[in-house]
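Notes follow the structure.
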Amino acid sequence: MYTLLNNQEASKFDLYLPGKLVASLHYTIDEKEVMFIYCEAIETLEAARHCRELMTRSLKDVRNRHMRVTVTCPIALKFLDSPSTDLPPGSRTIVSGETSS
């Protein structure tokens with residue numbers, strides 16, 4: 001069973017399995033928007049599964065706050081194809097300096 005903690009002091013979401021940190025998603029935040037800037041899998045054995053769960057839960061947290069999200073992290077962008085990771089209204093992704101919705 002996963003647990004997501006919003007480590008606001010370090011500006012990151014931390015994803016845990018019982019007793020261990022398995023992935024983190026670093027962000028910046030302002031009044032209306034969160035920018036996901038760096039995703040890392042701490043436990044590499046099941047990195048894809050951990051990152052997918054981290055994105056799903058982080059986006060749910062952002063949607064619950066009625067904030068937009070900008071995604072610049074190439075690792076995080078890979079996991080946005082899943083229907084469970086839909087972006088909140090007004091959000092965008094940035095790939096290689098380009099902006100898109």
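Ordering of the structure tokens sets the chain letters (A, B, ...); residue numbers start at 1 within each chain; ligands are numbered from 1 in the order shown.
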
inquiry  = Residues near region 15-26 of chain A, anyone? I mean within 12 Å using only C-alpha atoms, not counting same-chain ones fewer than 6 positions away, as a PyMOL selection string.
reply    = chain A and resi 1-9+34-59+71-77

task = Do a neighbour search on Asp30 (chain A) at 12 Å with only C-alpha atoms, toss out local chain neighbours closer than 6 positions, and write the hits as JSON, numbers by chain.
result = {"A": [11, 67, 68, 69, 70]}

Print the selection's residues with all heavy atoms to a file, as a PDB file, in the first residue's frame.
```pdb
ATOM      1  N   SER A  11       9.724  20.978  -0.892  1.00  0.00           N
ATOM      2  CA  SER A  11       9.037  21.169  -2.173  1.00  0.00           C
ATOM      3  C   SER A  11       9.048  19.904  -3.015  1.00  0.00           C
ATOM      4  O   SER A  11       9.504  19.884  -4.164  1.00  0.00           O
ATOM      5  CB  SER A  11       9.656  22.330  -2.962  1.00  0.00           C
ATOM      6  OG  SER A  11       9.517  23.530  -2.261  1.00  0.00           O
ATOM      7  N   MET A  67      -5.676  23.728  -8.662  1.00  0.00           N
ATOM      8  CA  MET A  67      -4.515  24.423  -9.208  1.00  0.00           C
ATOM      9  C   MET A  67      -4.174  23.842 -10.574  1.00  0.00           C
ATOM     10  O   MET A  67      -4.492  22.701 -10.873  1.00  0.00           O
ATOM     11  CB  MET A  67      -3.310  24.260  -8.266  1.00  0.00           C
ATOM     12  CG  MET A  67      -3.526  24.857  -6.900  1.00  0.00           C
ATOM     13  SD  MET A  67      -2.101  24.606  -5.828  1.00  0.00           S
ATOM     14  CE  MET A  67      -1.042  25.905  -6.457  1.00  0.00           C
ATOM     15  N   ARG A  68      -3.518  24.650 -11.381  1.00  0.00           N
ATOM     16  CA  ARG A  68      -2.976  24.178 -12.656  1.00  0.00           C
ATOM     17  C   ARG A  68      -1.639  23.519 -12.370  1.00  0.00           C
ATOM     18  O   ARG A  68      -1.009  23.769 -11.354  1.00  0.00           O
ATOM     19  CB  ARG A  68      -2.759  25.340 -13.615  1.00  0.00           C
ATOM     20  CG  ARG A  68      -4.028  25.987 -14.091  1.00  0.00           C
ATOM     21  CD  ARG A  68      -3.710  27.084 -15.081  1.00  0.00           C
ATOM     22  NE  ARG A  68      -2.757  28.021 -14.503  1.00  0.00           N
ATOM     23  CZ  ARG A  68      -3.017  29.286 -14.222  1.00  0.00           C
ATOM     24  NH1 ARG A  68      -4.190  29.796 -14.466  1.00  0.00           N
ATOM     25  NH2 ARG A  68      -2.103  30.064 -13.702  1.00  0.00           N
ATOM     26  N   VAL A  69      -1.204  22.707 -13.312  1.00  0.00           N
ATOM     27  CA  VAL A  69       0.121  22.092 -13.193  1.00  0.00           C
ATOM     28  C   VAL A  69       0.855  22.265 -14.514  1.00  0.00           C
ATOM     29  O   VAL A  69       0.266  22.180 -15.587  1.00  0.00           O
ATOM     30  CB  VAL A  69       0.031  20.601 -12.777  1.00  0.00           C
ATOM     31  CG1 VAL A  69      -0.654  19.772 -13.829  1.00  0.00           C
ATOM     32  CG2 VAL A  69       1.390  20.036 -12.450  1.00  0.00           C
ATOM     33  N   THR A  70       2.134  22.548 -14.409  1.00  0.00           N
ATOM     34  CA  THR A  70       3.033  22.556 -15.558  1.00  0.00           C
ATOM     35  C   THR A  70       4.030  21.433 -15.324  1.00  0.00           C
ATOM     36  O   THR A  70       4.587  21.314 -14.236  1.00  0.00           O
ATOM     37  CB  THR A  70       3.777  23.901 -15.677  1.00  0.00           C
ATOM     38  OG1 THR A  70       2.818  24.931 -15.887  1.00  0.00           O
ATOM     39  CG2 THR A  70       4.763  23.890 -16.834  1.00  0.00           C
TER      40      THR A  70
END
```

ask   = Tell me, which residues of chain A carry DSSP helix (DSSP H, G or I), written as a ChimeraX atom specification?
value = /A:8-10,47-64,74-81,83-85

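Straight-line separation from CA of Lys60 (chain A) to CA of Ala10 (chain A): 19.5 Å.
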
ask   = Near Pro89 (chain A), counting only C-alpha atoms, which residues have an atom at most 10 Å away, once you skip same-chain residues fewer than 2 positions from it, shown as a PyMOL selection string?
value = chain A and resi 63+66-69+86-87+91-92+101

Residues of chain A in strand (DSSP E or B), written as a PyMOL selection string = chain A and resi 3-7+12-17+20-29+33-41+68-71+92-95+98-100
